[in-house]
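Asker: Right, I'll just put the structure down here and ask away after.
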Amino acid sequence: MEIAPGVLYREEDAAILVNGERLIPNVRRFRDLRSVLMEPERLEGDGDAYFMYRDLPPLRGSWARFDVTIIPPWRVGSEYAKTKGHYHNPPSPGKPPYPELYQVIRGEALYLMQRPGRVESEIVDFIAVRALPGDAVVIPPGYGHVTVNPGGEILLMSNIIYREVSSNYSPYERLRGAAYYYTVSGFVRNGTYSRVPDVREVAPIRGLGSIASEFLRDSGSFSWLRDVDRACEEGFMGVRC
Ligand SMILES: [Fe+2]
């Protein structure tokens, strides 16, 4: 199936192809996730946890980057498959960090987003968004994020982010993951944090076409991805920074 202009997903071997050639992903291994798991002691050996394809052709040469991530279904102990988790950098000191846009292509996703208060272990807002194919989710300015695959299928998702954004994984490593883990029994609070609010469930954005196609058609309507003040005014996910 074509997942973006010129980018194909081949279901038989979960491959991403551009111009008929299979791309080589960056691989996140289980040992890279050890520090953020609820039950790291349940990890048996190593292996591939998920696959990242960065800066795919449709948006190369633009100010934004288009990436695809594939998260197979797995569990470590009772915790579902997930990404490591990170925060973005701010455009300048004193400004909130950059936002990001995600879209599910296949499978099911649970996006977990958190905003720290005065210190990184005190979370003042924790948002969970369940998303199905076609659904989009904005990571609001200042929020760290983790994506969970809570289903039994492969999760295939894409994202668009401003090219200058970098990712900081250290707070998630220091705090043993996000403020909540998602498990077979639902959300489990991470006791490493000193303050954790209740989970705020928010609906995804529905009815968008493929985000890469939409960007190519009208990149101006995505300017909030590189203009944090504008993203704050938009109030995505009920957040006004
Ligand atoms: Fe991100």
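Identifiers for the structure tokens are assigned positionally: chains receive A, B, ... in sequence, residues are indexed from 1 per chain, and ligands are indexed from 1 in the order shown.
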Taking only C-alpha atoms and all ligand atoms into account, which residues are within 7 Å of ligand 1, as a ChimeraX atom specification?
Answerer: /A:86-88,100,145,167
Asker: Could you write out the selected residues, including C-alpha atoms, as a PDB file, in the first residue's frame?
Answerer:
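That gives us part_16.pdb:
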```pdb
ATOM      1  CA  HIS A  86      11.566  11.860  24.670  1.00  0.00           C
ATOM      2  CA  TYR A  87      11.137  15.628  24.959  1.00  0.00           C
ATOM      3  CA  HIS A  88      11.910  18.140  22.210  1.00  0.00           C
ATOM      4  CA  GLU A 100       4.928  17.326  16.520  1.00  0.00           C
ATOM      5  CA  HIS A 145       5.757  11.607  24.526  1.00  0.00           C
ATOM      6  CA  SER A 167      15.100  14.775  20.956  1.00  0.00           C
TER       7      SER A 167
END
```
Asker: Just the residues within 9 Å of Ser194 (chain A), please, counting only C-alpha atoms, with nothing from its chain fewer than 5 positions along; format it as a tab-separated table (two decimals) with C-alpha atoms, in the first residue's frame.
Answerer:
```tsv
chain	number	residue	atom	x	y	z
A	121	SER	CA	9.58	14.45	38.22
A	122	GLU	CA	6.46	16.57	38.86
A	123	ILE	CA	3.96	16.07	36.06
```
Asker: Give the answer as one residue: which of A:Pro99, A:Gly144, A:Val184, A:Leu110 has the shortest atom-to-atom distance to Arg230 (chain A), using only C-alpha atoms?
Answerer: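 Going through A:Pro99, A:Gly144, A:Val184, A:Leu110 one by one, the smallest distance to Arg230 (chain A) is for A:Pro99.
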Asker: Leaving out Val239 (chain A) and any residue of its chain fewer than 6 positions from it, which residues lie within 12 Å of it when counting only C-alpha atoms, given as a ChimeraX atom specification?
Answerer: /A:96,99,113-115,124-127,138-143,200,202,231-233
Asker: Please, what distance in Å, to one decimal, runs between CA of Asp67 (chain A) and CA of Phe30 (chain A)?
Answerer: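 Atom-to-atom, CA of Asp67 (chain A) and CA of Phe30 (chain A) are spaced 20.9 Å apart.
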Asker: Pick from A:Glu11, A:Asp135, A:Glu201, A:Glu164: nearest to Asn89 (chain A), with only C-alpha atoms counted?
Answerer: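 Of A:Glu11, A:Asp135, A:Glu201, A:Glu164, the one nearest Asn89 (chain A), counting only C-alpha atoms, is A:Glu164.
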Asker: Wanna dump the region 80-191 of chain A-region 41-49 of chain A contacts at 9 Å for me, each residue with its shortest atom pair and the distance in Å to one decimal, counting only C-alpha atoms, ordered by chain and number, as a tab-separated table?
Answerer:
```
residue	atom	partner	partner_atom	distance
A:Ala81	CA	A:Ala49	CA	7.7
A:Lys82	CA	A:Ala49	CA	8.2
A:Thr83	CA	A:Ala49	CA	8.3
```
Asker: Pick the closest to Ile70 (chain A) from A:Ile211, A:Ala128, A:Leu156, A:Val7: which is it, counting only C-alpha atoms?
Answerer: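 With only C-alpha atoms as the atom set, the closest residue is A:Leu156.
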Asker: Would you mind telling me which residue in A:Gly77, A:Pro58, A:Gly235, A:Gly207 lies nearest to Pro40 (chain A) when using only C-alpha atoms?
Answerer: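 Closest to Pro40 (chain A) of all the choices is A:Gly77.
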Asker: From the options A:Ile161, A:Leu23, A:Val104, A:Ser213, which residue's atoms come nearest to Arg10 (chain A), counting only C-alpha atoms?
Answerer: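 Ranking A:Ile161, A:Leu23, A:Val104, A:Ser213 by distance to Arg10 (chain A), first place goes to A:Leu23.
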Asker: Using only C-alpha atoms for the distances, tell me which of A:Leu37, A:Val119, A:Val165, A:Val196 is nearest to Val146 (chain A).
Answerer: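 The shortest atom-to-atom distance to Val146 (chain A) comes from A:Leu37.
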Asker: As a list of chain:residue names, which residues of region 15-206 of chain A does DSSP assign to helix (DSSP H, G or I)?
Answerer: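 So, restricting region 15-206 of chain A to helix (DSSP H, G or I), we get A:Phe30, A:Arg31, A:Asp32, A:Leu33, A:Arg34, A:Ser35, A:Val36, A:Pro40, A:Glu41, A:Arg42, A:Pro57, A:Pro58, A:Leu59, A:Ser170, A:Pro171, A:Tyr172, A:Glu173, A:Arg174.
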Asker: Can you write out the residues you just picked, keeping C-alpha atoms, as a tab-separated table (two decimals), in the first residue's frame?
Answerer:
```
chain	number	residue	atom	x	y	z
A	30	PHE	CA	15.27	-4.10	23.79
A	31	ARG	CA	18.51	-3.36	25.58
A	32	ASP	CA	18.05	0.33	24.61
A	33	LEU	CA	14.65	0.27	26.36
A	34	ARG	CA	15.78	-1.42	29.58
A	35	SER	CA	15.97	1.88	31.49
A	36	VAL	CA	12.36	2.85	30.68
A	40	PRO	CA	13.17	-4.59	33.12
A	41	GLU	CA	13.94	-7.80	35.02
A	42	ARG	CA	11.39	-9.59	32.79
A	57	PRO	CA	11.42	11.55	0.30
A	58	PRO	CA	8.09	13.34	0.05
A	59	LEU	CA	9.23	16.10	2.46
A	170	SER	CA	17.42	11.50	29.36
A	171	PRO	CA	14.42	12.50	31.51
A	172	TYR	CA	12.63	9.26	30.54
A	173	GLU	CA	15.78	7.27	31.30
A	174	ARG	CA	16.25	8.96	34.70
```
Asker: Can you list, as an mmCIF file with C-alpha atoms, in the first residue's frame, every protein, DNA or RNA residue that comes within 12 Å of Ser219 (chain A) when you count only C-alpha atoms, leaving out same-chain residues fewer than 4 positions away?
Answerer:
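So the final result, stored in result.cif, reads:
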```
data_model
loop_
_atom_site.group_PDB
_atom_site.id
_atom_site.type_symbol
_atom_site.label_atom_id
_atom_site.label_comp_id
_atom_site.auth_asym_id
_atom_site.auth_seq_id
_atom_site.Cartn_x
_atom_site.Cartn_y
_atom_site.Cartn_z
ATOM 1 C CA LEU A 59 9.232 16.099 2.460
ATOM 2 C CA SER A 62 11.211 21.161 2.817
ATOM 3 C CA TRP A 63 11.515 22.686 6.300
ATOM 4 C CA ALA A 64 9.811 19.627 7.794
ATOM 5 C CA ARG A 65 10.824 16.004 8.190
ATOM 6 C CA ILE A 160 5.927 15.336 10.680
ATOM 7 C CA TYR A 162 10.260 20.689 12.096
ATOM 8 C CA ILE A 211 -0.396 14.081 6.552
ATOM 9 C CA ALA A 212 2.440 13.992 4.003
ATOM 10 C CA SER A 213 -0.019 14.653 1.150
ATOM 11 C CA GLU A 214 -1.728 17.421 3.123
ATOM 12 C CA PHE A 215 1.660 19.028 3.809
ATOM 13 C CA SER A 223 3.410 26.452 10.041
ATOM 14 C CA TRP A 224 2.572 25.913 13.750
ATOM 15 C CA LEU A 225 5.087 23.013 13.672
ATOM 16 C CA ARG A 226 7.919 25.565 13.540
#
```
Asker: Identify, on the basis of only C-alpha atoms, every residue whose closest approach to Ala203 (chain A) does not exceed 9 Å; exclude the query and any residue fewer than 6 positions from it along the same chain; express the result as a list in words.
Answerer: Ala128, Val129, Arg130, Ala131, Val137 and Met237 of chain A
Asker: Mind pulling up the distance from CA of Leu216 (chain A) to CA of Cys241 (chain A)?
Answerer: 27.8 Å
Asker: Which polymer residues have any atom within 12 Å of an atom of Leu8 (chain A), counting only C-alpha atoms, with same-chain residues fewer than 2 positions away left out, as a ChimeraX atom specification?
Answerer: /A:1-6,10-11,14-23,56-58,68,105,156
Asker: Using the selection just defined, write its residues with C-alpha atoms as a PDB file, in the first residue's frame.
Answerer:
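Here's the written file result_36.pdb:
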```pdb
ATOM      1  CA  MET A   1       0.000   0.000   0.000  1.00  0.00           C
ATOM      2  CA  GLU A   2       1.112   3.571  -0.660  1.00  0.00           C
ATOM      3  CA  ILE A   3       1.445   5.304   2.711  1.00  0.00           C
ATOM      4  CA  ALA A   4       2.700   8.656   1.348  1.00  0.00           C
ATOM      5  CA  PRO A   5       3.561   9.914  -2.149  1.00  0.00           C
ATOM      6  CA  GLY A   6       6.319   7.586  -3.408  1.00  0.00           C
ATOM      7  CA  ARG A  10       4.882  -4.102   1.908  1.00  0.00           C
ATOM      8  CA  GLU A  11       2.794  -6.118   4.305  1.00  0.00           C
ATOM      9  CA  ALA A  14       6.725  -5.154   6.958  1.00  0.00           C
ATOM     10  CA  ALA A  15       9.158  -3.378   4.606  1.00  0.00           C
ATOM     11  CA  ILE A  16       9.200   0.279   3.547  1.00  0.00           C
ATOM     12  CA  LEU A  17      10.070   0.826  -0.131  1.00  0.00           C
ATOM     13  CA  VAL A  18      11.016   3.917  -2.095  1.00  0.00           C
ATOM     14  CA  ASN A  19      11.502   3.606  -5.871  1.00  0.00           C
ATOM     15  CA  GLY A  20      11.225  -0.171  -5.513  1.00  0.00           C
ATOM     16  CA  GLU A  21      14.110  -0.325  -3.037  1.00  0.00           C
ATOM     17  CA  ARG A  22      13.777  -1.550   0.499  1.00  0.00           C
ATOM     18  CA  LEU A  23      14.984   1.049   2.999  1.00  0.00           C
ATOM     19  CA  LEU A  56      11.489  10.050   3.815  1.00  0.00           C
ATOM     20  CA  PRO A  57      11.418  11.546   0.301  1.00  0.00           C
ATOM     21  CA  PRO A  58       8.095  13.344   0.052  1.00  0.00           C
ATOM     22  CA  VAL A  68       7.661   6.418   9.636  1.00  0.00           C
ATOM     23  CA  ILE A 105      -1.548   4.256   9.215  1.00  0.00           C
ATOM     24  CA  LEU A 156       2.561   1.600  11.487  1.00  0.00           C
TER      25      LEU A 156
END
```
